[in-house]
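*Asks:* Got a structure for you, questions after.
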Amino acid sequence: MSTGDLAAGHRAVPPDYDRAAAWTLTLLLSACLTLAYIDRAVINLLAQSIKTDLNISDTRLALLQGLAFTVSFTLATVPGGWLADRFDRRRLIALGVVAWSVMTGLCGLAQNFEMLFLARVGVGLFEAVLTPCALAMIAAALPVGPRATAMSVYHMGTVLGVGLSLILGGLLLEWLGSPAAPVIMGLGNFAPWQQTFLLLALPGFVLAAVVLFFAREPRRAVEARPADAPRGLAPFMKTHGAVFMAVTAAMTLMLSAVAGATAWAPIFLVRDWGLSPGEIARTYGPISVVFGLVGTFFGGWLASRLARSGRGDASLRATLFAAVGATLFGVLVYQTDRGALGWSALAAITFFAPMPFGVAFAMLADLTPPEIRGRITAIYVFVLNAVGHTLGPLMVGLTNDTLFKSEAALGWSLALLWAVCGGAAIVILSLATRGYRRAAGGEA
């Protein structure tokens with residue numbers, strides 16, 4: 001088999017290709033991801049109120065924020081990918097949105113730690129179906145040229161969702177806790193944080209209906225491939241497993257750095273830059289939303305432009321570019337003070353950090369045939385969430401406590417995290433370049 005054969009089908013225009021319908025689908029799926037991140041992340045803003053009302057320890061609070069969601073989300077991702085490869089993905093997503101919205105509402109009805117923990121487990125369980133279905137649908141709806149841009153537009157939902165969870169959650173909590181707030185029917189006996197959960201559960205029912213009525217399920221094409229091309233999950237892993245594992249390992253390392261920085265950056269800004277939480281909300285909050293959205297979109301645009309110029313490894317090149325930029329500014333920003341250089345570096349790291357993840361989804365779509373895309377995406381998301389979200393924050397805490405043994409050294413711990421994880425990701429992606437070209441058909 002010639003090395004360009006495998007990608008020939010991936011580059012073909014999908015059957016019944018409709019550009020307007022494909023981009024409408026992409027925007028709707030990005031809206032679903034935005035809502036998912038609002039519902040999963042708003043608890044971080046409500047945490048202190050929850051701690052006080054439920055009289056729980058910081059450890060239990062951390063379990064609600066992290067473990068309750070992450071474990072169920074991670075374990076359900078692979079079954080979600082299996083469902084995405086076999087059933088109507090549009091209906092699966094609509095059902096998932098309704099189900100996790102119900103669970104978000106149940107968070108607001110919780111009267112103790114155990115009830116809130118179980119509700120958070122439910123949020124994670126039902127959100128797990130979204131990304132395997134969404135990425136398979138985008139890959140089926142669009143040809144390879146604009147596919148990376150579409151994947152990045154979808155991934156922009158993560159940046160927008162986290163930002164909106166802070167903005168909407170903060171505004172609702174402040175409004176519902178004020179004496180001038182109106183008594184909403186049936187909610188007067190609930191605390192402001194509970195009312196916030198209940199109100200944020202409502203948009204999901206509307207969005208699910210919009211998905212059902214306006215999103216079009218792309219046809220599951222059987223792509224033209226040579227007879228000896230890998231068919232099925234096991235043959236694919238045997239033939240291209242090394243490239244897939246390299247991409248997954250590199251992106252897991254990148255997520256470890258990003259997750260560690262996301263968890264500890266606000267504390268760094270308080271300890272080292274002397275910012276108050278209010279100042280962080282008014283400065284770092286808008287920076288993270290604006291530069292994060294622009295960076296995510298730019299990564300997809302760059303990969304799509306390289307693909308149109310005939311680069312078979314366009315997505316990998318864009319990912320490598322983003323990893324280098326994020327690592328350089330990730331090391332720099334935590335060695336600066338609260339000045340022009342520091343704010344510029346903070347904006348730069350916010351621009352580069354989310355960029356690789358949308359493009360990485362395009363890499364997976366380039367590598368995999370449509371009949372196993374949902375499962376491959378699920379395996380990828382499973383590893384990223386199981387390792388990346390756990391390893392990054394823990395590495396910073398352990399480094400600060402055991403190596404530097406000083407709260408004042410947090411900047412050094414964060415810089416070391418970026419140097420180690422980002423540097424290793426760059427090396428792995430560089431070494432995987434030739435194998436990726438062969439697998440994706442970019443090398444004759």
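Following the order of the structure tokens, chains are lettered A, B, ..., residues in each are numbered from 1, and ligands are numbered from 1.
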Go through range 79-148 of chain A residue by residue and, counting only C-alpha atoms, keep those with an atom at most 9 Å from range 37-52 of chain A; for each kept residue give the shortest atom pair and its distance in Å to one decimal, ordered by chain and increasing number, as JSON lines.
*Replies:*
{"residue": "A:Trp100", "atom": "CA", "partner": "A:Asp39", "partner_atom": "CA", "distance": 8.3}
{"residue": "A:Ser101", "atom": "CA", "partner": "A:Asp39", "partner_atom": "CA", "distance": 7.8}
{"residue": "A:Thr104", "atom": "CA", "partner": "A:Asp39", "partner_atom": "CA", "distance": 6.5}
{"residue": "A:Arg120", "atom": "CA", "partner": "A:Arg40", "partner_atom": "CA", "distance": 8.1}
{"residue": "A:Val123", "atom": "CA", "partner": "A:Arg40", "partner_atom": "CA", "distance": 7.1}
{"residue": "A:Gly124", "atom": "CA", "partner": "A:Arg40", "partner_atom": "CA", "distance": 7.6}
{"residue": "A:Glu127", "atom": "CA", "partner": "A:Arg40", "partner_atom": "CA", "distance": 8.9}
*Asks:* Output the selection as a PDB file, in the first residue's frame - C-alpha atoms for each residue.
*Replies:*
ATOM      1  CA  TRP A 100     -26.580  16.249  32.648  1.00  0.00           C
ATOM      2  CA  SER A 101     -28.857  19.308  32.971  1.00  0.00           C
ATOM      3  CA  THR A 104     -26.994  19.959  37.471  1.00  0.00           C
ATOM      4  CA  ARG A 120     -21.780  15.538  40.422  1.00  0.00           C
ATOM      5  CA  VAL A 123     -23.023  15.314  35.574  1.00  0.00           C
ATOM      6  CA  GLY A 124     -19.747  13.621  34.639  1.00  0.00           C
ATOM      7  CA  GLU A 127     -21.299  14.684  29.745  1.00  0.00           C
TER       8      GLU A 127
END
*Asks:* Might you pull out every residue within 10 Å of Ala265 in chain A, with only C-alpha atoms counted and same-chain residues fewer than 2 positions away left off, and present them as a PyMOL selection string?
*Replies:* chain A and resi 258-263+267-271+284+334+346+410-411+414
*Asks:* Pick from A:Leu29, A:Leu83, A:Ala408, A:Ile426: nearest to Met137 in chain A, with only C-alpha atoms counted?
*Replies:* A:Leu29
*Asks:* In Å to one decimal, how far is CA of Gly169 in chain A from CA of Leu106 in chain A?
*Replies:* 16.5 Å
*Asks:* Nearest residue to Ala22 in chain A out of A:Ala141, A:Met251, A:Val153, A:Val78, using only C-alpha atoms?
*Replies:*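 Residue with the minimum atom-to-atom distance to Ala22 in chain A: A:Ala141.
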*Asks:* Within 6 Å of range 362-377 of chain A, counting only C-alpha atoms, which residues show up once you throw out same-chain ones fewer than 4 positions away? Write them as an mmCIF file with N, CA and C atoms, in the first residue's frame, please.
*Replies:*
data_model
loop_
_atom_site.group_PDB
_atom_site.id
_atom_site.type_symbol
_atom_site.label_atom_id
_atom_site.label_comp_id
_atom_site.auth_asym_id
_atom_site.auth_seq_id
_atom_site.Cartn_x
_atom_site.Cartn_y
_atom_site.Cartn_z
ATOM 1 N N GLY A 81 -17.942 6.402 23.408
ATOM 2 C CA GLY A 81 -17.389 6.227 22.070
ATOM 3 C C GLY A 81 -17.991 5.028 21.356
ATOM 4 N N TRP A 82 -18.235 3.957 22.107
ATOM 5 C CA TRP A 82 -18.876 2.768 21.522
ATOM 6 C C TRP A 82 -20.274 3.112 21.024
ATOM 7 N N ALA A 84 -21.277 6.088 20.132
ATOM 8 C CA ALA A 84 -21.146 7.015 19.001
ATOM 9 C C ALA A 84 -20.901 6.285 17.690
ATOM 10 N N ASP A 85 -20.271 5.131 17.738
ATOM 11 C CA ASP A 85 -19.996 4.371 16.525
ATOM 12 C C ASP A 85 -21.175 3.525 16.069
ATOM 13 N N PRO A 132 -17.050 12.249 22.103
ATOM 14 C CA PRO A 132 -16.924 11.192 21.082
ATOM 15 C C PRO A 132 -17.941 11.344 19.955
ATOM 16 N N ALA A 136 -16.834 12.796 16.009
ATOM 17 C CA ALA A 136 -17.141 11.896 14.898
ATOM 18 C C ALA A 136 -18.073 12.577 13.891
ATOM 19 N N ALA A 148 -9.723 20.956 10.645
ATOM 20 C CA ALA A 148 -8.989 21.407 11.829
ATOM 21 C C ALA A 148 -9.587 22.686 12.393
ATOM 22 N N SER A 315 -1.894 19.153 10.699
ATOM 23 C CA SER A 315 -2.375 19.213 12.082
ATOM 24 C C SER A 315 -1.234 19.007 13.070
ATOM 25 N N ALA A 440 -0.961 9.314 7.913
ATOM 26 C CA ALA A 440 -1.965 10.229 7.377
ATOM 27 C C ALA A 440 -1.797 10.457 5.883
#
*Asks:* Would you mind listing what lies within 12 Å of Ser430 in chain A as a ChimeraX atom specification, with only C-alpha atoms counted and same-chain residues fewer than 6 positions away left out?
*Replies:* /A:243,246-247,250,313,316-321,323-324,423-424,436-437
*Asks:* As an exercise, work out the distance from CA of Thr158 in chain A to CA of Gly342 in chain A in Å and give it to one decimal place.
*Replies:*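 Separating CA of Thr158 in chain A from CA of Gly342 in chain A is a distance of 24.7 Å.
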*Asks:* From the set A:Leu61, A:Ala94, A:Ile379, A:Ile56, which residue has the shortest atom-to-atom contact distance to Leu207 in chain A, counting only C-alpha atoms?
*Replies:*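 Looking only at the distances to Leu207 in chain A, the closest residue turns out to be A:Ala94.
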